[in-house]
$ cat run30.pdb   # PDB, C-alpha atoms
MODEL        1
ATOM      1  CA  MET K   1     -12.106  -2.487  -7.905
ATOM      2  CA  SER K   2     -12.008   0.157  -5.158
ATOM      3  CA  ASN K   3      -8.531  -1.083  -4.194
ATOM      4  CA  ASP K   4      -7.379  -0.410  -7.782
ATOM      5  CA  LEU K   5      -8.806   3.101  -7.549
ATOM      6  CA  ILE K   6      -6.962   3.759  -4.286
ATOM      7  CA  THR K   7      -3.721   2.424  -5.785
ATOM      8  CA  TYR K   8      -4.231   4.514  -8.920
ATOM      9  CA  SER K   9      -4.910   7.616  -6.820
ATOM     10  CA  ASP K  10      -1.807   6.995  -4.710
ATOM     11  CA  SER K  11       0.268   6.589  -7.867
ATOM     12  CA  LEU K  12      -1.008   9.846  -9.331
ATOM     13  CA  LEU K  13      -0.604  11.745  -6.065
ATOM     14  CA  TRP K  14       2.938  10.409  -5.616
ATOM     15  CA  ASN K  15       3.895  11.317  -9.179
ATOM     16  CA  ASP K  16       2.483  14.834  -8.749
ATOM     17  CA  PHE K  17       4.437  15.207  -5.514
ATOM     18  CA  LYS K  18       7.645  14.019  -7.200
ATOM     19  CA  LYS K  19       7.125  16.633  -9.915
ATOM     20  CA  GLY K  20       7.134  19.352  -7.255
ATOM     21  CA  ASN K  21       3.406  19.920  -6.789
ATOM     22  CA  HIS K  22       3.058  21.511  -3.335
ATOM     23  CA  GLU K  23      -0.648  20.630  -3.100
ATOM     24  CA  ALA K  24       0.206  16.976  -3.676
ATOM     25  CA  PHE K  25       2.786  17.101  -0.881
ATOM     26  CA  HIS K  26       0.245  18.757   1.399
ATOM     27  CA  ALA K  27      -2.302  16.034   0.536
ATOM     28  CA  VAL K  28       0.226  13.276   1.320
ATOM     29  CA  TYR K  29       1.023  14.935   4.634
ATOM     30  CA  LYS K  30      -2.589  15.624   5.577
ATOM     31  CA  ASN K  31      -3.779  12.138   4.602
ATOM     32  CA  HIS K  32      -1.121  10.270   6.572
ATOM     33  CA  VAL K  33       0.335  12.313   9.448
ATOM     34  CA  GLN K  34      -2.182  11.189  12.091
ATOM     35  CA  THR K  35      -1.922   7.536  11.092
ATOM     36  CA  LEU K  36       1.870   7.768  11.183
ATOM     37  CA  TYR K  37       1.760   9.307  14.652
ATOM     38  CA  LYS K  38      -0.486   6.564  16.014
ATOM     39  CA  TYR K  39       1.696   3.895  14.422
ATOM     40  CA  GLY K  40       4.919   5.461  15.694
ATOM     41  CA  CYS K  41       3.611   5.765  19.263
ATOM     42  CA  ASN K  42       3.425   1.992  19.381
ATOM     43  CA  PHE K  43       7.225   1.740  19.180
ATOM     44  CA  THR K  44       8.173   4.190  21.906
ATOM     45  CA  GLN K  45       6.615   6.133  24.759
ATOM     46  CA  ASP K  46       8.580   9.218  23.645
ATOM     47  CA  LYS K  47       5.962  11.239  21.752
ATOM     48  CA  ALA K  48       8.513  13.926  20.894
ATOM     49  CA  LEU K  49      10.755  11.336  19.243
ATOM     50  CA  VAL K  50       7.830  10.097  17.159
ATOM     51  CA  LYS K  51       6.996  13.644  16.059
ATOM     52  CA  ASP K  52      10.647  14.317  15.224
ATOM     53  CA  CYS K  53      10.872  11.134  13.174
ATOM     54  CA  ILE K  54       7.682  11.967  11.276
ATOM     55  CA  HIS K  55       9.094  15.428  10.618
ATOM     56  CA  ASP K  56      12.329  13.864   9.358
ATOM     57  CA  VAL K  57      10.417  11.496   7.061
ATOM     58  CA  PHE K  58       8.642  14.400   5.390
ATOM     59  CA  ILE K  59      11.821  16.504   5.227
ATOM     60  CA  ASP K  60      13.551  13.593   3.495
ATOM     61  CA  LEU K  61      10.656  13.256   1.075
ATOM     62  CA  VAL K  62      11.093  16.860  -0.006
ATOM     63  CA  LYS K  63      14.882  16.706   0.053
ATOM     64  CA  TYR K  64      15.144  13.540  -2.045
ATOM     65  CA  ARG K  65      11.949  14.016  -4.055
ATOM     66  CA  SER K  66      13.584  13.701  -7.468
ATOM     67  CA  ALA K  67      15.388  10.469  -6.508
ATOM     68  CA  LEU K  68      12.358   8.716  -5.011
ATOM     69  CA  GLY K  69      11.050   5.637  -6.732
ATOM     70  CA  ALA K  70       7.467   5.051  -7.763
ATOM     71  CA  THR K  71       4.928   3.736  -5.287
ATOM     72  CA  ASN K  72       1.322   2.726  -5.526
ATOM     73  CA  ASN K  73       0.895   2.639  -1.742
ATOM     74  CA  ILE K  74       1.968   5.836  -0.003
ATOM     75  CA  LYS K  75       0.837   4.636   3.442
ATOM     76  CA  LEU K  76       3.043   1.544   3.280
ATOM     77  CA  TYR K  77       5.996   3.607   2.030
ATOM     78  CA  LEU K  78       5.577   6.073   4.903
ATOM     79  CA  PHE K  79       5.127   3.329   7.525
ATOM     80  CA  LYS K  80       8.389   1.685   6.431
ATOM     81  CA  SER K  81      10.228   5.018   6.441
ATOM     82  CA  LEU K  82       8.924   5.967   9.882
ATOM     83  CA  LYS K  83       9.714   2.587  11.413
ATOM     84  CA  ARG K  84      13.264   2.787  10.056
ATOM     85  CA  LYS K  85      13.720   6.322  11.465
ATOM     86  CA  ILE K  86      12.399   5.380  14.896
ATOM     87  CA  VAL K  87      14.570   2.258  15.143
ATOM     88  CA  LYS K  88      17.622   4.226  13.995
ATOM     89  CA  SER K  89      16.927   6.971  16.559
ATOM     90  CA  LEU K  90      16.464   4.450  19.358
ATOM     91  CA  TYR K  91      19.744   2.767  18.444
ATOM     92  CA  LYS K  92      21.550   6.110  18.462
ATOM     93  CA  ARG K  93      20.159   6.922  21.914
ATOM     94  CA  LYS K  94      21.289   3.581  23.286
ATOM     95  CA  ARG K  95      24.711   3.380  21.628
ATOM     96  CA  PHE K  96      26.519   3.333  24.976
ATOM     97  CA  LYS K  97      24.090   0.853  26.463
ATOM     98  CA  ALA K  98      23.200  -2.544  25.049
ATOM     99  CA  LEU K  99      19.914  -2.245  23.205
ATOM    100  CA  GLU K 100      17.507  -5.014  24.048
ATOM    101  CA  LYS K 101      15.315  -6.265  21.256
ATOM    102  CA  GLU K 102      12.325  -5.444  23.465
ATOM    103  CA  ASP K 103      13.399  -1.778  23.564
ATOM    104  CA  ILE K 104      12.293  -1.385  19.964
ATOM    105  CA  ALA K 105       9.494  -3.920  20.068
ATOM    106  CA  PHE K 106       6.069  -2.907  18.927
ATOM    107  CA  ARG K 107       4.021  -1.945  21.947
ATOM    108  CA  TYR K 108       0.291  -1.801  21.944
ATOM    109  CA  ASP K 109      -0.600   1.778  22.826
ATOM    110  CA  ALA K 110      -3.851   2.258  24.713
ATOM    111  CA  SER K 111      -4.702   5.239  22.470
ATOM    112  CA  ALA K 112      -4.718   2.892  19.471
ATOM    113  CA  GLU K 113      -7.057   0.682  21.467
ATOM    114  CA  ASP K 114      -9.739   3.365  21.059
ATOM    115  CA  GLU K 115      -9.886   2.669  17.324
ATOM    116  CA  ILE K 116     -10.003  -1.091  17.735
ATOM    117  CA  VAL K 117     -12.799  -1.094  20.282
ATOM    118  CA  GLU K 118     -14.743   2.000  19.242
ATOM    119  CA  ASP K 119     -17.911  -0.078  18.910
ATOM    120  CA  ILE K 120     -17.500  -1.762  22.297
ATOM    121  CA  SER K 121     -19.726  -0.012  24.788
ATOM    122  CA  THR K 122     -18.314  -0.935  28.182
ATOM    123  CA  GLN K 123     -15.010  -0.249  29.914
ATOM    124  CA  THR K 124     -14.676  -3.852  31.045
ATOM    125  CA  ARG K 125     -14.611  -5.132  27.481
ATOM    126  CA  SER K 126     -11.882  -2.714  26.443
ATOM    127  CA  LYS K 127      -9.860  -3.572  29.563
ATOM    128  CA  LYS K 128     -10.123  -7.271  28.704
ATOM    129  CA  LEU K 129      -8.900  -6.560  25.176
ATOM    130  CA  ILE K 130      -5.908  -4.579  26.437
ATOM    131  CA  ALA K 131      -5.102  -7.334  28.925
ATOM    132  CA  ALA K 132      -5.318  -9.982  26.198
ATOM    133  CA  MET K 133      -2.995  -7.998  23.885
ATOM    134  CA  VAL K 134      -0.274  -8.323  26.523
ATOM    135  CA  PHE K 135      -0.139 -12.078  25.869
ATOM    136  CA  LEU K 136       0.742 -11.530  22.219
ATOM    137  CA  SER K 137       4.317 -11.229  21.056
ATOM    138  CA  PRO K 138       5.399  -7.739  19.959
ATOM    139  CA  ARG K 139       5.438  -8.975  16.361
ATOM    140  CA  GLN K 140       1.864 -10.317  16.662
ATOM    141  CA  ARG K 141       0.696  -7.040  18.208
ATOM    142  CA  GLU K 142       2.247  -5.094  15.347
ATOM    143  CA  ALA K 143       0.754  -7.386  12.700
ATOM    144  CA  ILE K 144      -2.708  -7.223  14.281
ATOM    145  CA  TYR K 145      -2.442  -3.432  14.556
ATOM    146  CA  LEU K 146      -1.461  -3.175  10.898
ATOM    147  CA  LYS K 147      -4.264  -5.492   9.786
ATOM    148  CA  PHE K 148      -7.181  -4.315  11.912
ATOM    149  CA  VAL K 149      -6.357  -0.702  12.775
ATOM    150  CA  SER K 150      -4.364   0.416   9.746
ATOM    151  CA  ASN K 151      -6.287  -1.866   7.360
ATOM    152  CA  LEU K 152      -3.217  -3.045   5.498
ATOM    153  CA  SER K 153      -3.423  -6.165   3.364
ATOM    154  CA  TYR K 154      -1.443  -9.296   4.166
ATOM    155  CA  GLU K 155       0.875  -8.472   1.264
ATOM    156  CA  GLU K 156       1.514  -4.974   2.620
ATOM    157  CA  ILE K 157       2.109  -6.352   6.110
ATOM    158  CA  SER K 158       4.594  -8.883   4.747
ATOM    159  CA  ILE K 159       6.514  -6.075   3.025
ATOM    160  CA  LEU K 160       6.509  -3.844   6.090
ATOM    161  CA  LEU K 161       7.558  -6.610   8.491
ATOM    162  CA  GLU K 162       9.988  -8.044   5.943
ATOM    163  CA  ILE K 163       8.506 -11.523   6.060
ATOM    164  CA  ASN K 164       6.846 -13.594   3.362
ATOM    165  CA  TYR K 165       3.121 -13.447   2.666
ATOM    166  CA  GLN K 166       2.288 -16.748   4.358
ATOM    167  CA  SER K 167       4.258 -15.804   7.465
ATOM    168  CA  ALA K 168       2.218 -12.591   7.727
ATOM    169  CA  ARG K 169      -1.021 -14.586   7.524
ATOM    170  CA  ASN K 170       0.241 -17.098  10.096
ATOM    171  CA  LEU K 171       1.392 -14.349  12.455
ATOM    172  CA  ILE K 172      -2.023 -12.679  12.421
ATOM    173  CA  PHE K 173      -3.870 -16.002  12.616
ATOM    174  CA  ARG K 174      -1.881 -17.095  15.674
ATOM    175  CA  GLY K 175      -2.398 -13.714  17.318
ATOM    176  CA  VAL K 176      -6.142 -13.860  16.728
ATOM    177  CA  GLU K 177      -6.201 -17.427  18.075
ATOM    178  CA  LYS K 178      -4.502 -16.245  21.281
ATOM    179  CA  LEU K 179      -7.042 -13.435  21.577
ATOM    180  CA  ARG K 180      -9.895 -15.876  21.021
ATOM    181  CA  ALA K 181      -8.592 -18.064  23.813
ATOM    182  CA  ALA K 182      -8.238 -15.121  26.193
ATOM    183  CA  LEU K 183     -11.410 -13.186  25.398
ATOM    184  CA  PRO K 184     -15.133 -13.870  25.500
ATOM    185  CA  LYS K 185     -16.645 -14.548  22.074
ATOM    186  CA  GLU K 186     -18.662 -11.288  21.913
ATOM    187  CA  ILE K 187     -15.555  -9.159  22.363
ATOM    188  CA  ILE K 188     -13.666 -11.018  19.633
ATOM    189  CA  LEU K 189     -16.603 -10.601  17.235
ATOM    190  CA  VAL K 190     -16.665  -6.834  17.805
ATOM    191  CA  PHE K 191     -12.876  -6.630  17.536
ATOM    192  CA  LEU K 192     -12.719  -8.444  14.189
TER
ENDMDL
END
$ encode --input "run30.pdb" --output "structure tokens"
Amino acid sequence: MSNDLITYSDSLLWNDFKKGNHEAFHAVYKNHVQTLYKYGCNFTQDKALVKDCIHDVFIDLVKYRSALGATNNIKLYLFKSLKRKIVKSLYKRKRFKALEKEDIAFRYDASAEDEIVEDISTQTRSKKLIAAMVFLSPRQREAIYLKFVSNLSYEEISILLEINYQSARNLIFRGVEKLRAALPKEIILVFL
């Protein structure tokens, strides 16, 4: 029920924004800019690039407002737009040099770690979690970030990662299994 309310609110806010309501645009920006920044910082160490891409996403929203389609999940729409902008920018930067797939791979940023382990009291536990995240593939790290930090559903994750629903579930399950194998049980319980 609360998920329907959130979806309904996103739909109304998006429609108001598309109609030119400046307060609706401000609400979209205010509600999502920090989350976008944290998400974007996981793709590149270049904080300025992330900020520029976020800026470009919002400029494009205003510029193409009348042509935008409907959405019932603004966060997912913005995540996809930001990821596309960052990847495109990284490709442009590397056009004279072969771009490795790892260059645009999702990296687990230690600042995002703060949100995941906010209830963990000791430094050693958080260090173990960071160390265990290294053993995950970039795709698993991104899926786990989206699920447990950004609180996206499996369906939303499958759309964002452009994989089917079951693949999203399997990706997260395998990542959590690797974490379970690498971490003590009490850390995993706090993490999940």
$ closest_residue --input "run30.pdb" --among "K:Phe17, K:Tyr37, K:Tyr91, K:Tyr165" --to "K:Arg65" --atoms "only C-alpha atoms"
K:Phe17
$ resolve_selection --input "run30.pdb" --expression "the PyMOL selection byres ((chain K and resi 81-89) around 12)" --output "JSON list (two decimals) with C-alpha atoms, in the coordinates of the input"
[["chain", "number", "residue", "atom", "x", "y", "z"],
["K", 32, "HIS", "CA", -1.12, 10.27, 6.57],
["K", 33, "VAL", "CA", 0.34, 12.31, 9.45],
["K", 35, "THR", "CA", -1.92, 7.54, 11.09],
["K", 36, "LEU", "CA", 1.87, 7.77, 11.18],
["K", 37, "TYR", "CA", 1.76, 9.31, 14.65],
["K", 38, "LYS", "CA", -0.49, 6.56, 16.01],
["K", 39, "TYR", "CA", 1.70, 3.90, 14.42],
["K", 40, "GLY", "CA", 4.92, 5.46, 15.69],
["K", 41, "CYS", "CA", 3.61, 5.76, 19.26],
["K", 42, "ASN", "CA", 3.42, 1.99, 19.38],
["K", 43, "PHE", "CA", 7.22, 1.74, 19.18],
["K", 44, "THR", "CA", 8.17, 4.19, 21.91],
["K", 45, "GLN", "CA", 6.62, 6.13, 24.76],
["K", 46, "ASP", "CA", 8.58, 9.22, 23.64],
["K", 47, "LYS", "CA", 5.96, 11.24, 21.75],
["K", 48, "ALA", "CA", 8.51, 13.93, 20.89],
["K", 49, "LEU", "CA", 10.76, 11.34, 19.24],
["K", 50, "VAL", "CA", 7.83, 10.10, 17.16],
["K", 51, "LYS", "CA", 7.00, 13.64, 16.06],
["K", 52, "ASP", "CA", 10.65, 14.32, 15.22],
["K", 53, "CYS", "CA", 10.87, 11.13, 13.17],
["K", 54, "ILE", "CA", 7.68, 11.97, 11.28],
["K", 55, "HIS", "CA", 9.09, 15.43, 10.62],
["K", 56, "ASP", "CA", 12.33, 13.86, 9.36],
["K", 57, "VAL", "CA", 10.42, 11.50, 7.06],
["K", 58, "PHE", "CA", 8.64, 14.40, 5.39],
["K", 59, "ILE", "CA", 11.82, 16.50, 5.23],
["K", 60, "ASP", "CA", 13.55, 13.59, 3.50],
["K", 61, "LEU", "CA", 10.66, 13.26, 1.08],
["K", 74, "ILE", "CA", 1.97, 5.84, 0.00],
["K", 75, "LYS", "CA", 0.84, 4.64, 3.44],
["K", 76, "LEU", "CA", 3.04, 1.54, 3.28],
["K", 77, "TYR", "CA", 6.00, 3.61, 2.03],
["K", 78, "LEU", "CA", 5.58, 6.07, 4.90],
["K", 79, "PHE", "CA", 5.13, 3.33, 7.52],
["K", 80, "LYS", "CA", 8.39, 1.68, 6.43],
["K", 90, "LEU", "CA", 16.46, 4.45, 19.36],
["K", 91, "TYR", "CA", 19.74, 2.77, 18.44],
["K", 92, "LYS", "CA", 21.55, 6.11, 18.46],
["K", 93, "ARG", "CA", 20.16, 6.92, 21.91],
["K", 94, "LYS", "CA", 21.29, 3.58, 23.29],
["K", 95, "ARG", "CA", 24.71, 3.38, 21.63],
["K", 99, "LEU", "CA", 19.91, -2.24, 23.20],
["K", 100, "GLU", "CA", 17.51, -5.01, 24.05],
["K", 101, "LYS", "CA", 15.32, -6.26, 21.26],
["K", 102, "GLU", "CA", 12.32, -5.44, 23.46],
["K", 103, "ASP", "CA", 13.40, -1.78, 23.56],
["K", 104, "ILE", "CA", 12.29, -1.38, 19.96],
["K", 105, "ALA", "CA", 9.49, -3.92, 20.07],
["K", 106, "PHE", "CA", 6.07, -2.91, 18.93],
["K", 142, "GLU", "CA", 2.25, -5.09, 15.35],
["K", 160, "LEU", "CA", 6.51, -3.84, 6.09],
["K", 161, "LEU", "CA", 7.56, -6.61, 8.49],
["K", 162, "GLU", "CA", 9.99, -8.04, 5.94]]
$ atom_distance --input "run30.pdb" --atom1 "atom CA of K:Arg180" --atom2 "atom CA of K:Pro138"
17.4 Å
$ resolve_selection --input "run30.pdb" --expression "the PyMOL selection byres ((chain K and resi 152-157) around 9)" --output "list in words"
Asn73, Lys75, Leu76, Ala143, Leu146, Lys147, Phe148, Val149, Ser150, Asn151, Ser158, Ile159, Leu160, Leu161, Glu162, Ile163, Asn164, Tyr165, Gln166, Ala168, Arg169 and Ile172 of chain K
$ write_last_selection --input "run30.pdb" --atoms "C-alpha atoms" --output "mmCIF file, in the frame of the given file"
data_model
loop_
_atom_site.group_PDB
_atom_site.id
_atom_site.type_symbol
_atom_site.label_atom_id
_atom_site.label_comp_id
_atom_site.auth_asym_id
_atom_site.auth_seq_id
_atom_site.Cartn_x
_atom_site.Cartn_y
_atom_site.Cartn_z
ATOM 1 C CA ASN K 73 0.895 2.639 -1.742
ATOM 2 C CA LYS K 75 0.837 4.636 3.442
ATOM 3 C CA LEU K 76 3.043 1.544 3.280
ATOM 4 C CA ALA K 143 0.754 -7.386 12.700
ATOM 5 C CA LEU K 146 -1.461 -3.175 10.898
ATOM 6 C CA LYS K 147 -4.264 -5.492 9.786
ATOM 7 C CA PHE K 148 -7.181 -4.315 11.912
ATOM 8 C CA VAL K 149 -6.357 -0.702 12.775
ATOM 9 C CA SER K 150 -4.364 0.416 9.746
ATOM 10 C CA ASN K 151 -6.287 -1.866 7.360
ATOM 11 C CA SER K 158 4.594 -8.883 4.747
ATOM 12 C CA ILE K 159 6.514 -6.075 3.025
ATOM 13 C CA LEU K 160 6.509 -3.844 6.090
ATOM 14 C CA LEU K 161 7.558 -6.610 8.491
ATOM 15 C CA GLU K 162 9.988 -8.044 5.943
ATOM 16 C CA ILE K 163 8.506 -11.523 6.060
ATOM 17 C CA ASN K 164 6.846 -13.594 3.362
ATOM 18 C CA TYR K 165 3.121 -13.447 2.666
ATOM 19 C CA GLN K 166 2.288 -16.748 4.358
ATOM 20 C CA ALA K 168 2.218 -12.591 7.727
ATOM 21 C CA ARG K 169 -1.021 -14.586 7.524
ATOM 22 C CA ILE K 172 -2.023 -12.679 12.421
#
$ atom_distance --input "run30.pdb" --atom1 "atom CA of K:Ala70" --atom2 "atom CA of K:Trp14"
7.3 Å
$ closest_residue --input "run30.pdb" --among "K:Leu171, K:Ile144, K:Gly69, K:Val62" --to "K:His26" --atoms "only C-alpha atoms"
K:Val62
$ atom_distance --input "run30.pdb" --atom1 "atom CA of K:Asn72" --atom2 "atom CA of K:Ser11"
4.6 Å
$ axis_aligned_box --input "run30.pdb" --around "stretch 82-97 of chain K" --padding-each-side "8 Å" --output "lines of an AutoDock Vina configuration file"
center_x = 17.7
center_y = 3.9
center_z = 18.2
size_x = 33.6
size_y = 22.1
size_z = 32.6
$ resolve_selection --input "run30.pdb" --expression "the PyMOL selection byres ((chain K and resi 136) around 12)" --output "ChimeraX atom specification"
/K:105-108,129-135,137-145,171-182
